[in-house]
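**Student:** Have a peek at start-v3.csv (CSV, C-alpha atoms and all ligand atoms).
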```csv
chain,number,residue,atom,x,y,z
X,126,MET,CA,-7.1,40.1,30.3
X,127,GLY,CA,-10.8,39.8,29.5
X,128,LYS,CA,-13.6,39.5,32.0
X,129,ILE,CA,-13.4,36.3,34.1
X,130,LYS,CA,-15.8,33.7,32.8
X,131,ARG,CA,-17.5,31.7,35.4
X,132,ILE,CA,-17.7,27.9,35.3
X,133,PRO,CA,-20.9,27.0,37.0
X,134,LEU,CA,-21.3,24.1,39.4
X,135,ALA,CA,-24.1,22.5,37.3
X,136,LYS,CA,-26.4,23.3,34.4
X,137,PRO,CA,-29.5,21.5,33.1
X,138,PHE,CA,-29.1,20.0,29.7
X,139,ILE,CA,-32.1,21.5,27.9
X,140,GLY,CA,-32.3,21.8,24.1
X,141,GLN,CA,-34.7,22.3,21.3
X,142,GLU,CA,-36.3,18.9,21.8
X,143,GLU,CA,-37.5,19.9,25.3
X,144,ILE,CA,-38.7,23.3,24.1
X,145,ARG,CA,-40.7,21.7,21.2
X,146,SER,CA,-42.1,19.1,23.4
X,147,ALA,CA,-43.3,21.6,26.1
X,148,LYS,CA,-44.7,23.9,23.3
X,149,GLU,CA,-46.8,21.1,21.9
X,150,VAL,CA,-48.5,20.6,25.3
X,151,LEU,CA,-49.0,24.4,25.7
X,152,SER,CA,-50.9,24.5,22.4
X,153,SER,CA,-52.8,21.3,23.1
X,154,GLY,CA,-55.3,22.7,25.7
X,155,TRP,CA,-54.4,20.1,28.3
X,156,LEU,CA,-51.8,21.5,30.7
X,157,THR,CA,-51.8,19.6,34.0
X,158,GLN,CA,-51.5,15.9,34.7
X,159,GLY,CA,-53.0,13.9,31.8
X,160,PRO,CA,-52.1,11.9,28.7
X,161,LYS,CA,-48.4,13.2,28.5
X,162,THR,CA,-47.9,12.2,32.1
X,163,VAL,CA,-49.2,8.7,31.4
X,164,GLU,CA,-46.8,8.5,28.4
X,165,PHE,CA,-43.9,9.7,30.6
X,166,GLU,CA,-44.7,7.1,33.3
X,167,LYS,CA,-44.7,4.3,30.7
X,168,ALA,CA,-41.4,5.5,29.2
X,169,PHE,CA,-39.9,5.9,32.6
X,170,SER,CA,-40.8,2.4,33.9
X,171,LYS,CA,-39.5,1.0,30.6
X,172,TYR,CA,-36.2,2.8,31.1
X,173,VAL,CA,-35.6,1.6,34.6
X,174,GLY,CA,-37.2,-1.8,34.2
X,175,SER,CA,-40.0,-1.5,36.8
X,176,LYS,CA,-43.5,-2.7,36.5
X,177,TYR,CA,-45.1,0.5,37.6
X,178,ALA,CA,-44.1,4.2,37.7
X,179,CYS,CA,-46.2,6.9,39.3
X,180,ALA,CA,-45.3,10.6,38.6
X,181,VAL,CA,-45.6,13.1,41.4
X,182,SER,CA,-44.8,16.8,41.9
X,183,ASN,CA,-41.3,16.2,43.4
X,184,CYS,CA,-39.2,13.6,45.1
X,185,THR,CA,-39.9,14.8,48.7
X,186,ASN,CA,-43.6,14.0,48.1
X,187,ALA,CA,-42.6,10.7,46.4
X,188,LEU,CA,-40.7,9.7,49.5
X,189,PHE,CA,-43.5,10.8,51.8
X,190,LEU,CA,-46.2,8.8,49.9
X,191,SER,CA,-43.9,5.8,49.6
X,192,LEU,CA,-43.3,5.7,53.3
X,193,LEU,CA,-47.1,5.9,53.9
X,194,ALA,CA,-47.5,3.1,51.3
X,195,VAL,CA,-45.2,0.7,53.1
X,196,GLY,CA,-47.0,1.4,56.4
X,197,VAL,CA,-45.1,4.1,58.2
X,198,LYS,CA,-47.5,5.7,60.7
X,199,PRO,CA,-47.4,8.7,63.1
X,200,GLY,CA,-45.2,7.8,66.1
X,201,ASP,CA,-43.1,5.4,64.1
X,202,ARG,CA,-39.4,5.6,63.4
X,203,VAL,CA,-37.5,5.2,60.1
X,204,LEU,CA,-33.9,4.2,59.8
X,205,THR,CA,-32.2,6.6,57.3
X,206,VAL,CA,-29.1,8.7,56.8
X,207,SER,CA,-28.4,12.3,58.0
X,208,HIS,CA,-25.8,12.7,55.2
X,209,SER,CA,-28.3,13.7,52.5
X,210,PHE,CA,-30.3,16.7,51.3
X,211,ILE,CA,-32.7,17.6,54.1
X,212,ALA,CA,-35.7,16.4,52.1
X,213,THR,CA,-34.8,12.8,53.1
X,214,ALA,CA,-35.3,13.5,56.8
X,215,ASN,CA,-38.2,15.8,56.1
X,216,ALA,CA,-40.2,13.2,54.3
X,217,VAL,CA,-40.0,11.0,57.4
X,218,ARG,CA,-41.3,13.8,59.5
X,219,HIS,CA,-44.1,14.6,57.0
X,220,ALA,CA,-45.3,11.0,57.5
X,221,GLY,CA,-45.4,11.7,61.3
X,222,ALA,CA,-42.4,9.6,62.1
X,223,GLU,CA,-39.0,10.4,63.4
X,224,PRO,CA,-35.7,9.6,61.6
X,225,ILE,CA,-33.0,7.5,63.2
X,226,PHE,CA,-29.7,8.4,61.6
X,227,ILE,CA,-27.3,5.6,60.7
X,228,ASP,CA,-23.8,6.8,59.7
X,229,VAL,CA,-22.6,6.5,56.1
X,230,GLU,CA,-19.5,4.8,54.8
X,231,ASN,CA,-16.7,6.7,53.2
X,232,LYS,CA,-16.6,5.1,49.8
X,233,SER,CA,-20.2,5.0,48.5
X,234,PHE,CA,-21.5,7.9,50.6
X,235,GLY,CA,-24.3,5.4,51.5
X,236,MET,CA,-25.7,3.9,54.7
X,237,ASP,CA,-23.1,1.8,56.5
X,238,VAL,CA,-24.6,-1.7,56.6
X,239,VAL,CA,-22.4,-2.9,59.5
X,240,LEU,CA,-23.8,0.0,61.6
X,241,LEU,CA,-27.3,-0.7,60.4
X,242,GLU,CA,-27.1,-4.4,61.4
X,243,LYS,CA,-25.5,-3.5,64.7
X,244,PHE,CA,-28.2,-1.0,65.5
X,245,LEU,CA,-31.0,-3.5,64.8
X,246,ARG,CA,-29.2,-6.2,66.8
X,247,LYS,CA,-28.8,-3.9,69.8
X,248,ASN,CA,-32.2,-2.3,69.8
X,249,ASN,CA,-35.6,-3.9,69.6
X,250,PRO,CA,-37.1,-2.6,66.3
X,251,ARG,CA,-40.6,-3.4,67.6
X,252,GLN,CA,-40.2,-1.5,70.8
X,253,LEU,CA,-38.8,1.5,69.0
X,254,LYS,CA,-41.6,1.2,66.4
X,255,ILE,CA,-39.2,1.1,63.5
X,256,SER,CA,-41.3,0.6,60.5
X,257,ALA,CA,-39.0,1.2,57.5
X,258,ILE,CA,-35.5,1.7,56.2
X,259,MET,CA,-34.8,4.5,53.7
X,260,PRO,CA,-31.3,4.4,52.3
X,261,VAL,CA,-30.0,7.0,49.8
X,262,HIS,CA,-28.1,6.5,46.5
X,263,GLN,CA,-26.1,9.7,47.2
X,264,MET,CA,-25.1,11.8,44.1
X,265,GLY,CA,-25.9,8.8,42.0
X,266,PHE,CA,-23.4,6.5,43.8
X,267,VAL,CA,-25.1,3.2,44.5
X,268,CYS,CA,-25.4,2.3,48.2
X,269,ASP,CA,-25.1,-1.3,49.4
X,270,ILE,CA,-28.8,-1.9,48.7
X,271,GLU,CA,-28.3,-5.7,48.5
X,272,LYS,CA,-27.0,-6.0,52.0
X,273,ILE,CA,-29.6,-3.6,53.2
X,274,LEU,CA,-32.3,-5.7,51.7
X,275,ILE,CA,-31.0,-8.9,53.4
X,276,ILE,CA,-30.9,-7.1,56.8
X,277,ALA,CA,-34.4,-5.6,56.2
X,278,LYS,CA,-35.8,-9.1,55.4
X,279,LYS,CA,-34.3,-10.5,58.6
X,280,TYR,CA,-36.1,-7.8,60.6
X,281,HIS,CA,-39.3,-7.8,58.4
X,282,LEU,CA,-38.8,-4.1,57.5
X,283,PRO,CA,-39.8,-2.6,54.2
X,284,VAL,CA,-37.3,-0.5,52.2
X,285,VAL,CA,-37.9,2.7,50.3
X,286,GLU,CA,-34.9,3.9,48.2
X,287,ASP,CA,-34.2,7.6,48.0
X,288,ALA,CA,-33.0,7.5,44.4
X,289,ALA,CA,-33.5,11.2,43.9
X,290,CYS,CA,-30.1,11.6,42.2
X,291,ALA,CA,-29.8,8.1,40.8
X,292,ILE,CA,-31.6,8.0,37.4
X,293,GLY,CA,-29.5,5.8,35.2
X,294,SER,CA,-27.2,4.5,38.0
X,295,GLU,CA,-26.8,0.7,37.9
X,296,LEU,CA,-26.2,-2.3,40.1
X,297,HIS,CA,-25.0,-5.4,38.3
X,298,GLY,CA,-26.0,-3.8,35.0
X,299,GLN,CA,-29.6,-3.2,36.2
X,300,LYS,CA,-31.0,0.3,36.7
X,301,ILE,CA,-31.7,1.7,40.2
X,302,GLY,CA,-35.5,1.9,40.3
X,303,LYS,CA,-36.0,-1.6,38.7
X,304,PRO,CA,-36.7,-1.7,41.8
X,305,HIS,CA,-34.5,-3.6,44.2
X,306,SER,CA,-36.7,-2.6,47.1
X,307,ASP,CA,-40.4,-1.9,47.8
X,308,ALA,CA,-40.2,1.4,46.0
X,309,ALA,CA,-37.7,3.8,44.6
X,310,CYS,CA,-38.2,7.6,44.4
X,311,PHE,CA,-36.6,9.9,41.8
X,312,SER,CA,-36.3,13.7,41.6
X,313,PHE,CA,-36.4,15.9,38.5
X,314,HIS,CA,-35.1,19.0,40.2
X,315,PRO,CA,-32.7,20.9,37.9
X,316,ARG,CA,-29.7,19.7,40.0
X,317,LYS,CA,-30.4,16.1,39.0
X,318,VAL,CA,-29.4,14.5,35.7
X,319,LEU,CA,-32.9,14.4,34.3
X,320,THR,CA,-35.0,17.5,34.9
X,321,THR,CA,-38.5,18.7,34.4
X,322,GLY,CA,-38.0,21.9,36.4
X,323,ASP,CA,-39.4,20.1,39.4
X,324,GLY,CA,-40.9,16.7,39.6
X,325,GLY,CA,-40.7,13.2,40.9
X,326,MET,CA,-41.4,9.5,40.2
X,327,ILE,CA,-42.1,6.4,42.3
X,328,THR,CA,-41.2,3.1,40.7
X,329,THR,CA,-42.3,-0.2,42.2
X,330,ASN,CA,-43.2,-3.8,41.2
X,331,SER,CA,-46.0,-3.9,43.7
X,332,LYS,CA,-49.5,-3.2,42.4
X,333,LYS,CA,-50.6,-2.4,45.9
X,334,ILE,CA,-48.0,0.3,46.4
X,335,ASP,CA,-48.6,1.8,43.0
X,336,SER,CA,-52.4,2.0,43.6
X,337,PHE,CA,-51.8,3.5,47.0
X,338,VAL,CA,-49.6,6.3,45.8
X,339,ARG,CA,-51.6,6.8,42.6
X,340,LEU,CA,-54.8,7.4,44.5
X,341,ARG,CA,-53.3,9.8,47.0
X,342,ARG,CA,-51.4,12.0,44.6
X,343,ILE,CA,-54.7,13.3,43.2
X,344,HIS,CA,-57.0,13.7,46.2
X,345,GLY,CA,-58.1,10.1,46.4
X,346,MET,CA,-59.9,10.4,43.1
X,347,ASN,CA,-60.8,6.9,41.9
X,348,ILE,CA,-61.0,7.7,38.1
X,349,PRO,CA,-58.2,10.0,36.9
X,350,SER,CA,-59.2,12.8,34.4
X,351,GLU,CA,-57.4,11.3,31.4
X,352,ILE,CA,-59.6,8.2,31.7
X,353,ARG,CA,-62.8,10.1,32.4
X,354,HIS,CA,-62.3,12.2,29.3
X,355,LYS,CA,-61.9,9.2,27.1
X,356,HIS,CA,-65.5,8.0,27.9
X,357,ARG,CA,-68.4,8.8,25.6
X,358,ARG,CA,-70.7,9.4,28.5
X,359,PRO,CA,-70.1,11.5,31.6
X,360,VAL,CA,-68.3,9.5,34.2
X,361,ILE,CA,-68.6,10.6,37.8
X,362,GLU,CA,-65.5,10.0,40.0
X,363,LYS,CA,-65.5,9.2,43.6
X,364,TYR,CA,-63.1,10.2,46.4
X,365,LEU,CA,-62.0,7.2,48.4
X,366,VAL,CA,-59.4,8.6,50.9
X,367,THR,CA,-58.0,11.9,52.0
X,368,GLY,CA,-55.4,12.6,49.4
X,369,TYR,CA,-53.1,15.3,48.3
X,370,ASN,CA,-52.4,17.4,45.3
X,371,PHE,CA,-49.1,16.0,44.1
X,372,ARG,CA,-49.7,16.2,40.4
X,373,LEU,CA,-47.0,16.5,37.8
X,374,THR,CA,-48.2,18.7,35.0
X,375,ASP,CA,-48.2,17.5,31.4
X,376,ILE,CA,-45.9,20.4,30.5
X,377,GLN,CA,-43.3,18.9,32.9
X,378,SER,CA,-44.0,15.4,31.6
X,379,ALA,CA,-43.4,16.5,28.0
X,380,ILE,CA,-40.0,17.9,29.0
X,381,GLY,CA,-39.3,14.7,30.9
X,382,LEU,CA,-40.1,12.6,27.8
X,383,ALA,CA,-37.6,14.6,25.8
X,384,GLN,CA,-35.0,14.3,28.5
X,385,LEU,CA,-35.5,10.6,28.9
X,386,LYS,CA,-34.7,10.0,25.2
X,387,LYS,CA,-31.3,11.6,25.8
X,388,MET,CA,-30.5,9.7,29.0
X,389,PRO,CA,-28.2,7.1,27.5
X,390,ALA,CA,-26.1,9.7,25.7
X,391,MET,CA,-26.2,12.0,28.7
X,392,ILE,CA,-24.9,9.3,31.0
X,393,ALA,CA,-22.2,8.2,28.5
X,394,GLU,CA,-20.9,11.8,28.3
X,395,ARG,CA,-20.9,12.2,32.1
X,396,GLN,CA,-18.9,9.0,32.4
X,397,LYS,CA,-16.4,10.3,29.9
X,398,LEU,CA,-16.1,13.6,31.7
X,399,ALA,CA,-15.7,11.9,35.1
X,400,ALA,CA,-12.9,9.7,33.7
X,401,TYR,CA,-11.2,12.8,32.2
X,402,TYR,CA,-11.4,14.7,35.5
X,403,LYS,CA,-10.0,11.7,37.4
X,404,LYS,CA,-7.1,11.2,35.0
X,405,LYS,CA,-6.1,14.9,35.2
X,406,LEU,CA,-6.6,15.1,39.0
X,407,LYS,CA,-4.1,12.2,39.5
X,408,GLN,CA,-1.3,14.7,39.6
X,409,ILE,CA,-2.6,16.3,42.8
X,410,PRO,CA,-1.7,14.1,45.7
X,411,TRP,CA,-4.0,15.9,48.2
X,412,ILE,CA,-7.2,15.1,46.2
X,413,HIS,CA,-9.0,11.8,46.4
X,414,CYS,CA,-11.6,11.2,43.7
X,415,ALA,CA,-14.8,9.3,44.4
X,416,GLU,CA,-15.0,5.9,42.8
X,417,PRO,CA,-18.2,3.8,42.3
X,418,GLU,CA,-18.2,0.4,44.1
X,419,ALA,CA,-17.4,-2.7,42.1
X,420,ASP,CA,-20.2,-3.8,39.7
X,421,THR,CA,-22.1,-0.5,40.1
X,422,ARG,CA,-22.4,2.4,37.7
X,423,SER,CA,-22.8,6.0,38.9
X,424,ASN,CA,-24.6,8.4,36.7
X,425,TRP,CA,-22.2,11.1,38.1
X,426,GLN,CA,-24.9,13.4,39.2
X,427,SER,CA,-22.1,15.3,41.0
X,428,PHE,CA,-18.4,15.1,40.9
X,429,PRO,CA,-17.2,15.0,44.5
X,430,ILE,CA,-13.5,15.1,45.6
X,431,GLN,CA,-12.1,14.6,49.0
X,432,ILE,CA,-9.6,17.1,50.2
X,433,LEU,CA,-6.9,15.3,52.2
X,434,PRO,CA,-5.2,17.0,55.3
X,435,SER,CA,-2.0,17.6,53.2
X,436,ALA,CA,-3.8,20.1,51.0
X,437,PRO,CA,-2.3,23.7,51.0
X,438,LEU,CA,-5.8,25.1,51.8
X,439,LYS,CA,-8.6,23.9,54.0
X,440,PRO,CA,-11.7,22.9,52.1
X,441,LEU,CA,-13.6,26.2,52.8
X,442,LYS,CA,-10.6,28.3,51.8
X,443,LEU,CA,-10.2,26.2,48.7
X,444,LEU,CA,-13.8,27.0,47.7
X,445,GLN,CA,-13.1,30.7,48.2
X,446,TYR,CA,-10.0,30.4,46.1
X,447,LEU,CA,-11.8,28.6,43.3
X,448,PHE,CA,-14.6,31.2,43.4
X,449,ILE,CA,-12.1,34.1,43.0
X,450,HIS,CA,-10.8,32.3,39.9
X,451,GLY,CA,-14.3,32.0,38.4
X,452,ILE,CA,-15.0,28.4,39.4
X,453,GLN,CA,-18.2,27.6,41.2
X,454,ALA,CA,-17.6,24.7,43.6
X,455,LYS,CA,-19.7,23.6,46.6
X,456,PRO,CA,-19.1,22.0,50.0
X,457,GLY,CA,-20.0,18.3,50.3
X,458,ILE,CA,-23.5,16.9,51.0
X,459,MET,CA,-25.1,18.4,54.1
X,460,ASN,CA,-26.0,16.6,57.3
X,461,ALA,CA,-29.6,16.9,58.5
X,462,HIS,CA,-28.6,16.4,62.2
X,463,GLU,CA,-26.5,19.6,62.0
X,464,GLU,CA,-29.5,21.7,61.0
X,465,ALA,CA,-32.0,23.3,63.4
X,466,PRO,CA,-35.0,20.8,62.9
X,467,TYR,CA,-32.9,17.7,63.6
X,468,ARG,CA,-30.3,19.0,66.0
X,469,LYS,CA,-32.0,17.5,69.0
X,470,ILE,CA,-31.6,14.0,67.6
X,471,HIS,CA,-28.8,12.4,69.4
X,472,ALA,CA,-26.5,10.7,67.0
X,473,SER,CA,-22.8,9.9,66.6
X,474,LEU,CA,-22.1,10.3,62.9
X,475,PRO,CA,-18.3,10.9,62.5
X,476,VAL,CA,-18.1,9.8,58.8
X,477,SER,CA,-21.1,12.0,57.8
X,478,GLU,CA,-19.4,14.9,59.5
X,479,TYR,CA,-16.0,14.1,58.0
X,480,LEU,CA,-17.5,13.9,54.5
X,481,LYS,CA,-19.4,17.1,54.8
X,482,ARG,CA,-16.3,19.0,55.9
X,483,ASN,CA,-13.7,17.5,53.6
X,484,THR,CA,-15.6,16.9,50.4
X,485,ILE,CA,-16.1,19.5,47.7
X,486,LEU,CA,-18.2,19.2,44.5
X,487,LEU,CA,-16.5,20.5,41.4
X,488,PRO,CA,-18.3,21.9,38.3
X,489,PHE,CA,-19.9,19.0,36.5
X,490,TYR,CA,-22.6,19.1,33.8
X,491,ASN,CA,-23.4,17.7,30.4
X,492,ASP,CA,-21.6,20.0,28.0
X,493,LEU,CA,-18.7,20.9,30.3
X,494,SER,CA,-15.7,21.2,28.0
X,495,THR,CA,-12.4,19.4,28.6
X,496,LYS,CA,-10.9,22.9,28.2
X,497,ASN,CA,-12.8,24.0,31.3
X,498,ILE,CA,-11.9,20.8,33.2
X,499,ASP,CA,-8.2,21.6,32.4
X,500,PHE,CA,-8.7,25.1,33.7
X,501,VAL,CA,-10.3,23.8,37.0
X,502,VAL,CA,-7.4,21.3,37.5
X,503,ARG,CA,-4.7,23.8,36.6
X,504,THR,CA,-6.3,26.2,39.2
X,505,LEU,CA,-6.3,23.5,41.8
X,506,VAL,CA,-2.6,22.6,41.1
X,507,ARG,CA,-1.7,26.3,41.8
X,508,ALA,CA,-3.7,26.5,45.0
X,509,ARG,CA,-1.6,28.1,47.8
X,601,LIG,C1,-32.9,16.4,45.6
X,601,LIG,C2,-33.0,15.4,46.6
X,601,LIG,C3,-34.2,15.1,47.2
X,601,LIG,C4,-35.5,16.0,47.0
X,601,LIG,O1,-35.9,16.0,45.7
X,601,LIG,P1,-37.1,17.1,45.3
X,601,LIG,O2,-37.5,16.6,44.0
X,601,LIG,O3,-36.4,18.4,45.2
X,601,LIG,O4,-38.1,17.1,46.3
X,601,LIG,C5,-34.3,14.1,48.1
X,601,LIG,N1,-33.3,13.3,48.4
X,601,LIG,C6,-32.1,13.5,47.8
X,601,LIG,C7,-30.9,12.6,48.2
X,601,LIG,C8,-31.9,14.6,46.9
X,601,LIG,O5,-30.7,14.8,46.4
```
Could you spell out this file's structure in structure tokens?
Ligand SMILES: *Cc1c(COP(=O)(O)O)cnc(C)c1O
**Tutor:**
Amino acid sequence: MGKIKRIPLAKPFIGQEEIRSAKEVLSSGWLTQGPKTVEFEKAFSKYVGSKYACAVSNCTNALFLSLLAVGVKPGDRVLTVSHSFIATANAVRHAGAEPIFIDVENKSFGMDVVLLEKFLRKNNPRQLKISAIMPVHQMGFVCDIEKILIIAKKYHLPVVEDAACAIGSELHGQKIGKPHSDAACFSFHPRKVLTTGDGGMITTNSKKIDSFVRLRRIHGMNIPSEIRHKHRRPVIEKYLVTGYNFRLTDIQSAIGLAQLKKMPAMIAERQKLAAYYKKKLKQIPWIHCAEPEADTRSNWQSFPIQILPSAPLKPLKLLQYLFIHGIQAKPGIMNAHEEAPYRKIHASLPVSEYLKRNTILLPFYNDLSTKNIDFVVRTLVRAR
């Protein structure tokens, strides 16, 4: 027997194209946000089908700025989910507001629209100072954004989509980020499908929102450097508001441009791998595979499976068992309300808690071999 080879949970899909692209920027003399970022934004908005795209340093800041842009103020409340990476809730707090957690539904991992509607009917959103709804397309599975938008309209609430994981996911054949709502926010962290190391993007069809976030990501400067440098005469910029430094560097944007070109192929491969996994896992009666809702496409940012009560091992024991066999799996998505900063928020979120405890994420990345999938499935079959 040789040394056990580890199958990682995830792996960024970086090749010579990205390396060449980053190298070019490194030799160009212009490293931070500039012409490459403008190019990346244009390519990104073309890819998702939005009018505008504004690059920022990460998705947490994208969500924060978008919440400010739709009018969230200190003392307000934002309806969102707990069953998400903690950045979702943190972005609300950064804006000075408090999250109100709506439970998710089992199938899409997204906000339960029946509970959302019920909450708004039973509580006075004005009195509670609710000023936005922020649903999440968890792991690239499309949430019921259409119903959420209908409810939001009825209560005159803006919607910001946390699309951190959802690049290339689709609803009725249209990309998430087109956008369906006021703004959609993407992440380019290495755990997402498209990565720039770290990074984020805000897509919108509203000129007002785009101008708002664009101004604030770079200290409120009215003329960005790439425009100033094009002028033949010195141009003096002004600072119109108190802004932030949320720049994406041109090195990151160059990597993003190379990644974006590979998106169709990357998503097609992920779809094939997911289908192969699902076919093979059918033989295990105590595993339930996630399935995208009708007329939606998941980009399969992750491959989650539900462990049913009939399983020979409890989910945490199963993770340990997989680890011993060289397979890196992970518990399901976390819940913000079970972590220290949000524990005081009173919420009944049974589905969120069920999903966290009974879901595990299996290894899933772009050049995962079917041989390795076979090995994962074989190991699961033998679980005792
Ligand atoms: C990754 C992630 C974020 C945060 O993205 P960053 O770019 O790391 O700030 C926010 N929301 C969800 C759902 C995520 O998965």
**Student:** For stretch 342-349 of chain X, work out the shell of residues within 10 Å, counting all atoms listed in the file and skipping chain neighbours fewer than 2 positions away, then give it as number ranges by chain.
**Tutor:** X: 158-159, 179-182, 186-187, 190, 336-340, 351-354, 360-373
**Student:** Could you name the residues that touch X:Tyr446 at 12 Å or less, counting all atoms listed in the file, but leaving out those on the same chain fewer than 2 positions away, as an MDAnalysis selection string?
**Tutor:** chainID X and resid 437:444 448:455 501 504:509
**Student:** Atom CA of X:Ala436 and atom CA of X:Arg482, how far apart in Å?
**Tutor:**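 Calculated distance between atom CA of X:Arg482 and atom CA of X:Ala436 is 13.5 Å.
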**Student:** Considering all atoms listed in the file, give me a table of residues in chain X that are at most 7 Å from ligand LIG 601 (chain X), with the closest atom pair and distance in Å for each, as a tab-separated table.
**Tutor:**
```
residue	atom	partner	partner_atom	distance
X:Asn183	CA	X:LIG601	O2	3.9
X:Cys184	CA	X:LIG601	O2	3.6
X:Thr185	CA	X:LIG601	O4	3.8
X:Asn186	CA	X:LIG601	O4	6.6
X:Ser209	CA	X:LIG601	C7	5.1
X:Phe210	CA	X:LIG601	C6	5.1
X:Ala212	CA	X:LIG601	C5	4.8
X:Thr213	CA	X:LIG601	N1	5.0
X:Val261	CA	X:LIG601	C7	5.9
X:His262	CA	X:LIG601	C7	6.9
X:Gln263	CA	X:LIG601	C7	5.7
X:Met264	CA	X:LIG601	O5	6.8
X:Asp287	CA	X:LIG601	N1	5.8
X:Ala288	CA	X:LIG601	C7	6.7
X:Ala289	CA	X:LIG601	C6	4.7
X:Cys290	CA	X:LIG601	O5	5.3
X:Ser312	CA	X:LIG601	O2	4.0
X:Phe313	CA	X:LIG601	O2	5.7
X:His314	CA	X:LIG601	O2	5.1
X:Asp323	CA	X:LIG601	O2	6.1
X:Gly324	CA	X:LIG601	O2	5.6
X:Gly325	CA	X:LIG601	O2	5.6
```
**Student:** With a distance cut-off of 12 Å and only C-alpha atoms, select the neighbouring residues of X:Leu398, excluding the residue or stretch itself and same-chain residues fewer than 5 positions from it, and output the selection as a list in words.
**Tutor:**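 After dropping sequence-adjacent residues, the list is Met391, Ile392, Ala393, Lys403, Lys404, Lys405, Asn424, Trp425, Gln426, Ser427, Phe428, Leu487, Pro488, Phe489, Tyr490, Asn491, Asp492, Leu493, Ser494, Thr495, Lys496, Asn497, Ile498 and Asp499 of chain X.
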**Student:** Can you measure atom CA of X:Phe244 to atom CA of X:Tyr467 for me? One decimal in Å is fine.
**Tutor:**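 Computed distance, atom CA of X:Phe244 to atom CA of X:Tyr467, equals 19.4 Å.
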